[in-house]
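The file data16.cif comes next; it holds mmCIF, C-alpha atoms.
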data_work
#
loop_
_atom_site.label_atom_id
_atom_site.label_comp_id
_atom_site.auth_asym_id
_atom_site.auth_seq_id
_atom_site.Cartn_x
_atom_site.Cartn_y
_atom_site.Cartn_z
CA MET N 151 44.63 -1.04 -21.81
CA THR N 152 44.79 2.45 -20.35
CA ARG N 153 44.57 3.32 -16.69
CA ASP N 154 40.98 4.59 -17.07
CA GLN N 155 39.93 1.34 -18.64
CA TRP N 156 41.45 -0.53 -15.72
CA THR N 157 39.63 1.76 -13.31
CA ASP N 158 36.34 0.78 -14.88
CA ARG N 159 37.15 -2.88 -14.25
CA LEU N 160 37.92 -2.51 -10.56
CA SER N 161 34.42 -3.48 -9.42
CA GLU N 162 34.49 -6.58 -11.58
CA TYR N 163 37.87 -7.41 -10.04
CA LEU N 164 36.44 -6.98 -6.55
CA ASP N 165 33.51 -9.24 -7.38
CA GLY N 166 35.68 -11.93 -8.94
CA ASP N 167 34.12 -11.43 -12.36
CA LEU N 168 37.39 -11.13 -14.31
CA GLY N 169 39.06 -13.98 -16.12
CA VAL N 170 42.42 -15.26 -14.98
CA ALA N 171 44.42 -13.30 -17.54
CA GLU N 172 42.55 -10.04 -16.97
CA ARG N 173 42.80 -10.45 -13.24
CA ALA N 174 46.56 -10.89 -13.41
CA ALA N 175 46.94 -7.91 -15.74
CA LEU N 176 44.83 -5.71 -13.49
CA GLU N 177 46.77 -6.73 -10.39
CA ALA N 178 49.99 -5.86 -12.17
CA HIS N 179 48.58 -2.48 -13.12
CA VAL N 180 47.29 -1.70 -9.62
CA ALA N 181 50.68 -2.61 -8.15
CA SER N 182 52.24 0.14 -10.21
CA CYS N 183 49.39 2.69 -10.07
CA PRO N 184 48.79 4.44 -6.73
CA ALA N 185 45.61 6.08 -8.02
CA CYS N 186 43.97 2.79 -8.94
CA GLU N 187 45.22 1.26 -5.71
CA ALA N 188 43.54 4.04 -3.74
CA ILE N 189 40.28 3.70 -5.68
CA LEU N 190 40.29 -0.05 -5.18
CA ALA N 191 40.68 0.43 -1.43
CA GLU N 192 37.76 2.87 -1.40
CA LEU N 193 35.57 0.52 -3.41
CA ARG N 194 36.32 -2.20 -0.87
CA ARG N 195 35.16 0.14 1.87
CA VAL N 196 31.97 0.93 -0.03
CA VAL N 197 31.15 -2.75 -0.30
CA ALA N 198 31.98 -3.33 3.36
CA ARG N 199 29.86 -0.37 4.42
CA ALA N 200 26.94 -1.61 2.36
CA GLN N 201 27.16 -5.05 3.90
CA ALA N 202 27.17 -3.53 7.38
CA ILE N 203 23.89 -1.69 6.93
CA HIS N 204 21.20 -3.06 9.19
CA ASP N 205 17.52 -3.38 8.45
CA LEU N 206 15.24 -1.03 10.32
CA PRO N 207 11.49 -1.38 10.84
CA PRO N 208 9.12 1.39 9.76
CA THR N 209 8.66 4.22 12.24
CA THR N 210 4.94 3.50 12.44
CA ASP N 211 3.24 0.15 12.85
CA LEU N 212 1.79 -0.78 9.48
CA TRP N 213 -0.03 -3.87 10.72
CA PRO N 214 -3.38 -2.19 11.55
CA ALA N 215 -3.70 -0.87 8.00
CA ILE N 216 -2.66 -4.22 6.53
CA ALA N 217 -5.09 -6.07 8.78
CA GLN N 218 -7.87 -3.79 7.63
CA GLN N 219 -7.10 -4.44 3.98
CA ILE N 220 -7.01 -8.20 4.34
CA GLY N 221 -10.02 -8.27 6.61
CA VAL N 222 -8.53 -9.61 9.83
CA SER N 223 -8.67 -8.18 13.32
CA SER N 224 -5.72 -5.96 14.22
CA GLY N 225 -6.59 -4.75 17.71
CA GLY N 226 -5.67 -1.26 16.66
CA GLU N 227 -6.74 1.54 14.40
CA PRO N 228 -5.42 1.69 10.85
CA HIS N 229 -3.32 4.64 9.90
CA GLY N 230 -1.09 5.84 7.17
CA VAL N 231 -3.34 4.75 4.32
CA VAL N 232 -5.20 7.15 2.07
CA SER N 233 -8.83 6.16 1.73
CA LEU N 234 -9.64 4.25 -1.40
CA ALA N 235 -12.79 6.31 -1.89
CA ALA N 236 -10.71 9.45 -2.21
CA ARG N 237 -8.39 7.83 -4.70
CA ARG N 238 -11.14 6.31 -6.77
CA ALA N 239 -12.15 9.81 -7.83
CA ARG N 240 -8.90 10.02 -9.78
CA ARG N 241 -9.19 6.63 -11.41
CA ARG N 242 -8.64 6.53 -15.16
CA LEU N 243 -8.31 3.35 -17.19
CA SER N 244 -8.98 2.04 -20.63
CA PHE N 245 -9.43 -1.49 -21.91
CA THR N 246 -10.03 -2.91 -25.33
CA VAL N 247 -13.55 -3.49 -26.56
CA PRO N 248 -13.09 -7.29 -26.75
CA GLN N 249 -11.85 -7.32 -23.17
CA LEU N 250 -14.83 -5.33 -21.97
CA ALA N 251 -17.19 -7.50 -23.98
CA ALA N 252 -15.72 -10.61 -22.40
CA ALA N 253 -16.04 -9.09 -18.96
CA ALA N 254 -19.65 -8.09 -19.61
CA ALA N 255 -20.47 -11.59 -20.82
CA VAL N 256 -19.01 -13.12 -17.70
CA LEU N 257 -20.92 -10.65 -15.56
CA LEU N 258 -24.11 -11.90 -17.19
CA LEU N 259 -23.04 -15.47 -16.55
CA LEU N 260 -22.27 -14.69 -12.94
CA GLY N 261 -25.65 -13.07 -12.63
CA SER N 262 -27.20 -16.15 -14.14
CA GLY N 263 -25.21 -18.29 -11.75
CA GLY N 264 -26.58 -16.34 -8.83
CA ALA N 265 -30.09 -16.65 -10.19
CA TYR N 266 -29.58 -20.37 -10.75
CA LEU N 267 -28.44 -20.80 -7.18
CA THR N 268 -31.39 -18.78 -5.97
CA LEU N 269 -33.80 -20.97 -7.91
CA GLN N 270 -32.10 -24.06 -6.53
CA ARG N 271 -32.73 -22.70 -3.07
CA GLY N 272 -36.38 -22.12 -3.91
CA THR N 273 -36.40 -18.47 -2.91
CA SER N 274 -36.98 -15.33 -4.90
CA PRO N 275 -35.94 -12.57 -4.98
CA VAL N 276 -32.39 -13.02 -3.68
CA PRO N 277 -32.44 -12.84 0.10
CA PRO N 278 -29.52 -11.61 2.17
CA PRO N 279 -26.88 -14.28 2.82
CA ARG N 280 -27.35 -16.33 5.91
CA PRO N 281 -25.29 -18.92 7.73
CA ARG N 282 -24.98 -22.26 5.99
CA SER N 283 -26.49 -24.09 8.94
CA LEU N 284 -29.72 -22.13 8.49
CA GLU N 285 -30.08 -22.69 4.76
CA PRO N 286 -33.06 -24.71 3.55
CA GLY N 287 -32.64 -27.76 1.38
CA ARG N 288 -31.32 -31.20 1.89
CA GLU N 289 -28.50 -31.82 4.34
CA GLY N 290 -28.39 -28.28 5.64
CA GLY N 291 -27.85 -26.58 2.29
CA ARG N 292 -25.23 -28.99 0.90
CA ARG N 293 -25.47 -29.73 -2.79
CA PRO N 294 -23.22 -31.49 -5.27
CA PRO N 295 -20.71 -29.23 -7.06
CA LEU N 296 -22.38 -27.29 -9.88
CA VAL N 297 -20.87 -28.21 -13.24
CA GLY N 298 -22.28 -25.20 -15.13
CA TRP N 299 -21.06 -22.95 -12.39
CA GLU N 300 -17.54 -24.27 -12.75
CA LYS N 301 -17.63 -23.39 -16.45
CA THR N 302 -18.70 -19.88 -15.53
CA ARG N 303 -15.79 -19.63 -13.16
CA ALA N 304 -13.41 -20.72 -15.89
CA LYS N 305 -14.75 -18.01 -18.19
CA TYR N 306 -14.45 -15.57 -15.34
CA ASP N 307 -10.80 -16.48 -14.87
CA VAL N 308 -10.13 -15.88 -18.56
CA ALA N 309 -11.91 -12.52 -18.56
CA VAL N 310 -10.13 -11.35 -15.44
CA ALA N 311 -6.79 -12.51 -16.78
CA GLU N 312 -7.33 -10.47 -19.94
CA LEU N 313 -8.30 -7.36 -17.98
CA GLU N 314 -5.38 -7.79 -15.61
CA SER N 315 -3.06 -8.26 -18.56
CA ALA N 316 -4.32 -4.99 -20.02
CA LEU N 317 -3.76 -3.33 -16.68
CA GLU N 318 -0.24 -4.67 -16.51
CA GLN N 319 0.48 -3.40 -20.01
CA GLY N 320 -0.89 -0.01 -19.04
CA ARG N 321 1.27 -0.02 -15.96
CA LYS N 322 4.43 -0.94 -17.84
CA SER N 323 3.82 1.56 -20.61
CA GLY N 324 3.19 4.35 -18.14
CA ARG N 325 -0.20 4.96 -19.76
CA LEU N 326 -1.87 4.72 -16.39
CA ASP N 327 -1.06 7.31 -13.78
CA SER N 328 0.39 6.09 -10.52
CA ALA N 329 -2.63 7.00 -8.42
CA THR N 330 -4.87 5.00 -10.72
CA VAL N 331 -2.68 1.95 -10.56
CA ARG N 332 -2.35 2.10 -6.79
CA VAL N 333 -6.06 2.49 -6.25
CA LEU N 334 -6.91 -0.31 -8.58
CA ASP N 335 -4.20 -2.57 -7.21
CA GLN N 336 -5.35 -2.09 -3.64
CA SER N 337 -8.99 -2.55 -4.53
CA LEU N 338 -8.21 -5.71 -6.45
CA VAL N 339 -6.09 -7.05 -3.64
CA THR N 340 -8.93 -6.55 -1.20
CA ILE N 341 -11.38 -8.33 -3.48
CA ASP N 342 -8.86 -11.06 -4.29
CA SER N 343 -8.41 -11.66 -0.60
CA ALA N 344 -12.14 -12.16 -0.23
CA ILE N 345 -12.17 -14.51 -3.22
CA VAL N 346 -9.30 -16.53 -1.79
CA GLN N 347 -11.07 -16.89 1.53
CA ALA N 348 -14.33 -17.88 -0.15
CA ARG N 349 -12.55 -20.47 -2.30
CA ARG N 350 -10.76 -21.90 0.73
CA ALA N 351 -14.08 -22.24 2.50
CA LEU N 352 -15.62 -23.83 -0.58
CA ALA N 353 -12.77 -26.31 -0.79
CA ALA N 354 -13.88 -27.61 2.59
CA ASP N 355 -17.58 -27.40 1.76
CA PRO N 356 -18.02 -27.44 -2.04
CA GLY N 357 -21.77 -28.00 -1.87
CA SER N 358 -22.61 -24.95 0.20
CA VAL N 359 -25.14 -22.76 -1.59
CA TYR N 360 -24.30 -19.84 0.65
CA LEU N 361 -20.57 -20.04 -0.09
CA ASN N 362 -21.16 -20.41 -3.83
CA GLN N 363 -23.43 -17.38 -3.75
CA HIS N 364 -20.88 -15.41 -1.75
CA LEU N 365 -18.10 -16.33 -4.15
CA ALA N 366 -20.23 -15.36 -7.14
CA ASP N 367 -20.99 -12.00 -5.55
CA THR N 368 -17.34 -11.35 -4.83
CA MET N 369 -16.23 -12.36 -8.32
CA ARG N 370 -18.90 -10.09 -9.77
CA ARG N 371 -17.58 -7.24 -7.63
CA LYS N 372 -14.13 -7.72 -9.12
CA LEU N 373 -15.35 -7.70 -12.70
CA GLU N 374 -17.57 -4.70 -12.03
CA LEU N 375 -14.64 -2.86 -10.52
CA LEU N 376 -12.55 -3.43 -13.62
CA ARG N 377 -15.43 -2.55 -15.88
CA ARG N 378 -16.32 0.63 -14.00
CA ALA N 379 -12.70 1.68 -14.00
CA SER N 380 -12.73 1.60 -17.80
CA ALA N 381 -15.47 4.22 -17.87
CA PHE N 382 -12.97 6.88 -16.90
CA ALA N 383 -11.33 6.80 -20.32
CA PRO N 384 -12.51 5.91 -23.83
CA ALA N 385 -12.08 2.25 -24.72
CA ARG N 386 -9.37 1.41 -27.24
CA THR N 387 -10.13 -0.67 -30.31
CA MET R 94 17.36 -24.00 -3.47
CA GLU R 95 15.00 -23.07 -6.27
CA LEU R 96 11.90 -21.05 -5.69
CA THR R 97 9.18 -20.94 -8.30
CA THR R 98 5.75 -19.49 -7.82
CA PRO R 99 3.35 -17.91 -10.29
CA GLY R 100 4.32 -14.30 -10.81
CA VAL R 101 7.46 -14.75 -8.78
CA ALA R 102 10.60 -15.51 -10.73
CA THR R 103 13.12 -18.18 -9.84
CA LEU R 104 15.58 -17.31 -7.13
CA SER R 105 18.64 -19.49 -6.76
CA ARG R 106 19.65 -18.52 -3.25
CA ASP R 107 18.17 -18.72 0.18
CA PRO R 108 19.64 -16.07 2.49
CA ASP R 109 16.59 -15.99 4.72
CA GLU R 110 16.66 -19.52 6.03
CA PRO R 111 15.66 -19.15 9.68
CA ALA R 112 17.20 -21.11 12.54
CA ARG R 113 15.79 -24.62 12.76
CA GLY R 114 13.44 -24.05 15.71
CA ALA R 115 12.35 -20.68 14.41
CA GLY R 116 11.95 -22.22 10.99
CA ASP R 117 9.54 -24.83 12.32
CA ALA R 118 7.49 -22.13 14.01
CA GLU R 119 7.53 -20.04 10.88
CA THR R 120 6.50 -22.98 8.74
CA ALA R 121 3.58 -23.52 11.05
CA ASP R 122 2.65 -19.85 10.88
CA VAL R 123 2.78 -19.92 7.09
CA ALA R 124 0.43 -22.89 7.04
CA LEU R 125 -1.90 -21.26 9.53
CA ALA R 126 -1.88 -17.98 7.64
CA ALA R 127 -2.59 -19.78 4.38
CA SER R 128 -5.70 -21.19 6.00
CA GLY R 129 -6.83 -17.71 7.00
CA ASP R 130 -5.29 -17.27 10.45
CA GLY R 131 -4.72 -13.53 10.83
CA ARG R 132 -2.71 -13.85 14.03
CA ALA R 133 -0.24 -16.20 12.37
CA PHE R 134 0.12 -13.76 9.49
CA GLU R 135 0.71 -10.93 11.93
CA ARG R 136 3.59 -12.93 13.42
CA LEU R 137 5.04 -13.33 9.94
CA TYR R 138 4.62 -9.60 9.41
CA ARG R 139 6.44 -8.80 12.66
CA ALA R 140 9.30 -11.12 11.75
CA HIS R 141 9.84 -9.73 8.26
CA VAL R 142 8.62 -6.15 8.17
CA ALA R 143 12.03 -4.62 8.89
CA ARG R 144 13.63 -6.41 5.96
CA VAL R 145 10.80 -5.61 3.56
CA HIS R 146 10.53 -1.99 4.65
CA SER R 147 14.29 -1.49 4.45
CA LEU R 148 14.33 -2.94 0.95
CA ALA R 149 11.47 -0.66 -0.11
CA ARG R 150 13.12 2.37 1.49
CA ARG R 151 16.38 1.77 -0.34
CA MET R 152 14.89 0.78 -3.66
CA ILE R 153 12.11 3.31 -4.08
CA GLY R 154 12.47 5.92 -1.35
CA PHE R 155 11.34 6.71 2.16
CA ASP R 156 8.19 8.58 1.15
CA VAL R 157 6.47 5.55 -0.38
CA ALA R 158 8.16 2.79 1.63
CA ASP R 159 5.26 2.46 4.07
CA ASP R 160 2.74 2.18 1.29
CA VAL R 161 4.80 -0.32 -0.67
CA THR R 162 5.39 -2.41 2.44
CA GLN R 163 1.67 -2.57 3.05
CA ASP R 164 1.15 -3.67 -0.54
CA VAL R 165 3.76 -6.39 -0.18
CA PHE R 166 2.11 -7.93 2.86
CA VAL R 167 -1.39 -7.65 1.45
CA ARG R 168 -0.23 -9.39 -1.71
CA ALA R 169 1.59 -11.99 0.34
CA TRP R 170 -1.66 -12.74 2.14
CA THR R 171 -3.50 -13.32 -1.11
CA LYS R 172 -0.64 -15.33 -2.64
CA LEU R 173 0.14 -17.55 0.34
CA GLY R 174 -1.70 -20.37 -1.36
CA THR R 175 0.98 -20.38 -4.06
CA PHE R 176 3.85 -20.71 -1.57
CA ARG R 177 5.02 -24.28 -1.82
CA GLY R 178 7.69 -24.24 0.87
CA GLU R 179 10.53 -25.00 -1.53
CA ALA R 180 12.46 -22.09 -0.07
CA ALA R 181 12.27 -20.14 3.17
CA PHE R 182 9.20 -17.98 3.52
CA GLY R 183 11.50 -14.98 3.92
CA THR R 184 13.07 -15.65 0.53
CA TRP R 185 9.69 -15.98 -1.12
CA LEU R 186 8.47 -12.80 0.55
CA HIS R 187 11.64 -10.93 -0.37
CA ARG R 188 11.27 -11.77 -4.02
CA LEU R 189 7.60 -10.87 -3.93
CA ALA R 190 8.61 -7.53 -2.40
CA ILE R 191 11.05 -6.87 -5.22
CA ASN R 192 8.35 -7.57 -7.79
CA VAL R 193 5.95 -5.19 -6.06
CA ILE R 194 8.64 -2.52 -5.77
CA LEU R 195 9.66 -2.79 -9.40
CA ALA R 196 6.03 -2.59 -10.52
CA ARG R 197 5.46 0.40 -8.28
CA ARG R 198 8.50 2.31 -9.43
CA THR R 199 7.33 1.84 -12.98
CA SER R 200 3.87 3.13 -12.16
CA LEU R 201 5.43 6.08 -10.36
CA GLY R 202 7.26 7.01 -13.53
CA THR R 203 10.66 6.78 -11.92
CA GLU R 204 12.33 5.82 -15.17
CA ARG R 205 14.12 9.16 -15.28
CA GLY R 206 17.88 8.87 -15.26
CA ARG R 207 17.58 5.15 -14.72
CA TYR R 208 20.85 4.28 -16.36
CA HIS R 209 22.81 7.44 -15.83
CA ASP R 210 26.42 6.84 -16.69
CA GLY R 211 27.98 9.75 -14.86
CA ALA R 212 30.02 8.95 -11.80
CA ASP R 213 29.46 12.36 -10.22
CA VAL R 214 25.70 12.28 -10.11
CA LEU R 215 25.56 13.27 -6.47
CA ASP R 216 27.75 16.32 -6.82
CA ALA R 217 24.91 18.45 -8.11
CA VAL R 218 22.58 17.42 -5.32
CA PRO R 219 22.39 19.97 -2.49
CA SER R 220 23.73 18.65 0.76
CA ARG R 221 21.25 17.67 3.43
CA PRO R 222 21.47 18.60 7.13
CA VAL R 223 24.30 16.84 8.93
CA VAL R 224 23.33 13.45 10.31
CA ASN R 225 25.25 12.17 13.28
CA ASP R 226 25.15 8.52 12.24
CA LEU R 227 27.63 8.09 9.41
CA SER R 228 25.89 4.99 8.13
CA LEU R 229 22.66 6.94 7.80
CA ASP R 230 24.47 9.57 5.78
CA PHE R 231 25.85 6.83 3.57
CA GLN R 232 22.34 5.45 3.14
CA GLU R 233 21.13 8.91 2.23
CA ALA R 234 23.76 8.97 -0.50
CA ILE R 235 22.47 5.62 -1.73
CA GLY R 236 19.00 7.10 -1.89
CA ARG R 237 20.23 9.92 -4.10
CA LEU R 238 21.75 7.68 -6.73
CA PRO R 239 19.98 7.57 -10.09
CA ASP R 240 17.27 4.91 -10.05
CA GLY R 241 19.10 2.35 -12.14
CA ALA R 242 22.37 2.63 -10.25
CA ARG R 243 20.59 2.56 -6.90
CA GLU R 244 18.53 -0.50 -7.77
CA VAL R 245 21.55 -2.43 -8.98
CA PHE R 246 23.67 -1.37 -6.00
CA VAL R 247 20.97 -2.32 -3.48
CA LEU R 248 20.23 -5.64 -5.13
CA HIS R 249 23.91 -6.58 -5.54
CA ASP R 250 25.81 -5.14 -2.59
CA LEU R 251 23.05 -5.12 0.03
CA GLU R 252 20.81 -7.98 -1.00
CA GLY R 253 23.39 -10.30 -2.53
CA TYR R 254 21.87 -10.97 -5.93
CA LYS R 255 24.08 -11.86 -8.90
CA HIS R 256 24.27 -9.71 -12.00
CA GLU R 257 22.41 -12.30 -14.03
CA GLU R 258 19.55 -12.29 -11.53
CA ILE R 259 19.48 -8.50 -11.39
CA ALA R 260 19.49 -8.27 -15.16
CA SER R 261 16.51 -10.59 -15.29
CA MET R 262 14.61 -8.59 -12.69
CA LEU R 263 15.27 -5.20 -14.24
CA GLY R 264 15.06 -6.20 -17.88
CA ILE R 265 18.64 -5.26 -18.71
CA VAL R 266 21.75 -7.17 -19.75
CA PRO R 267 24.31 -8.29 -17.14
CA GLY R 268 26.88 -5.91 -18.61
CA THR R 269 24.62 -2.95 -17.84
CA SER R 270 24.14 -4.23 -14.32
CA LYS R 271 27.93 -4.38 -13.85
CA SER R 272 28.38 -0.92 -15.28
CA GLN R 273 25.66 0.55 -13.05
CA LEU R 274 27.14 -1.11 -10.00
CA HIS R 275 30.55 0.33 -10.71
CA HIS R 276 29.16 3.82 -11.22
CA ALA R 277 27.23 3.56 -7.97
CA ARG R 278 30.29 2.44 -6.03
CA MET R 279 32.48 5.11 -7.61
CA THR R 280 29.94 7.73 -6.55
CA LEU R 281 29.42 6.40 -3.05
CA ARG R 282 33.14 6.21 -2.24
CA LYS R 283 33.05 10.00 -2.06
CA HIS R 284 30.50 9.76 0.72
CA LEU R 285 32.27 7.22 2.88
CA ASP R 286 33.40 9.75 5.46
CA ARG R 287 30.47 12.12 5.44
#
Could you render the structure from this file as structure tokens?
Amino acid sequence: MTRDQWTDRLSEYLDGDLGVAERAALEAHVASCPACEAILAELRRVVARAQAIHDLPPTTDLWPAIAQQIGVSSGGEPHGVVSLAARRARRRLSFTVPQLAAAAAVLLLLGSGGAYLTLQRGTSPVPPPRPRSLEPGREGGRRPPLVGWEKTRAKYDVAVAELESALEQGRKSGRLDSATVRVLDQSLVTIDSAIVQARRALAADPGSVYLNQHLADTMRRKLELLRRASAFAPART
Amino acid sequence: MELTTPGVATLSRDPDEPARGAGDAETADVALAASGDGRAFERLYRAHVARVHSLARRMIGFDVADDVTQDVFVRAWTKLGTFRGEAAFGTWLHRLAINVILARRTSLGTERGRYHDGADVLDAVPSRPVVNDLSLDFQEAIGRLPDGAREVFVLHDLEGYKHEEIASMLGIVPGTSKSQLHHARMTLRKHLDR
């Protein structure tokens, strides 16, 4: 093996990635090669310097902006985040026709779910949400879990998974520009956060009409966001 | 310790295990945050933001590090329900951060020169103003490495991942990871004393 070839193995030697025989051969070479010996010493210093680097916090406090996005109180004003409204103007996406059809079907189901819940509450048209304790109906608005509604949610999960998969493929292929992906990601994260909170609340109170309605509205917002985003580019077939 | 969560690959190390007392407090904060407690999540943010931001800065650059860090914590908030406590929260968050960073760098189109094989890649880069802190200058040199070499160097020499883990994260073979690491080190040795 030539000297250059040994030089290319010095990092592996440092990291203990060479076999016994190669390690011994390299050590013998380095002992007789001042150039490789010097390089090896420098590589050791590089590794030591890297390990000595300390973590530093950001120069500005990012918590207010994060708190705003996840919907919790921060006690301060958000900063450092470009408004989503401004970025949405640049949004450009495309999804397959079957994906959009599935999303549209679930939107209809979600709409039906909302209407079903409204009918169950005995009110029409849909009134603004109100606290669970004020809802009419037996036991302060509590109802048994809705079987049909659960099926709708399952279909929703499938539709969203397909759309998110398409988004991920677009992201990996570079077909989507970075601004588009960032806007969509942040919007989805915000909506997902709301869905997570609604589902947590429902886990504690699965019969709440208000919470079911709120979750349906939030899920519909997510699907509509994905569907609207597709309007910025022709759908693929 | 193994960590497995949906969308977060297995990580067979746990460098972020907090001290026992702090770990108990952090475990409590994770549970509180998972139930929607914003104050508990803010404490987690305060405890880990330096590590996440530093990782983002080194992996993807200073100009987008703030934005990426925000994304990481927002995603962490939404994914807390998937954290099963099989590893330290810091480990889980760190791996989540890497996933977010790698997805972002792809969306930013930073594939250029990803696996540059030249060892003198920094020679053509104009020198920046002199920085008094030598370690900062060294970090600046890290930031100027080609994307692939920088990512491997940061993940291996700064973050402690093995080549097999890095290869899995970056979608390359371990041999490429080793080669990129060596090129990065060979380049950076010229910047040790700047």
For chain N versus chain R, which residues have an atom no more than 6 Å away, and what is each residue's nearest atom pair and distance in Å rounded to one decimal, using only C-alpha atoms, chain-then-number order, as a tab-separated table?
residue	atom	partner	partner_atom	distance
N:Ser161	CA	R:His275	CA	5.6
N:Glu192	CA	R:Arg282	CA	5.8
N:Val196	CA	R:Arg282	CA	5.8
N:Ala200	CA	R:Leu251	CA	5.7
N:Gln201	CA	R:Leu251	CA	5.6
N:Asp205	CA	R:Ser147	CA	5.5
N:Leu206	CA	R:Ala143	CA	5.0
N:Pro207	CA	R:Ala143	CA	3.8
N:Ile216	CA	R:Gln163	CA	5.8
N:Val222	CA	R:Gly131	CA	5.6
N:Arg321	CA	R:Ser200	CA	5.6
N:Ser328	CA	R:Ser200	CA	4.9
N:Ser343	CA	R:Thr171	CA	5.2
Practice item. Determine the nearest neighbour of Leu352 (chain N) from the options N:Ala198, N:Ala366, N:Val339, N:Ala309, counting all atoms listed in the file. Key: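 Between N:Ala198, N:Ala366, N:Val339, N:Ala309, the residue approaching Leu352 (chain N) most closely is N:Ala366.
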What are the centre and the three edge lengths of an axis-aligned box that wraps all atoms of region 191-202 of chain R in the file, given that 5 Å is added to every side, written as JSON and rounded to one decimal in Å?
{"center_x": 7.5, "center_y": -0.3, "center_z": -9.4, "size_x": 17.2, "size_y": 24.6, "size_z": 18.3}
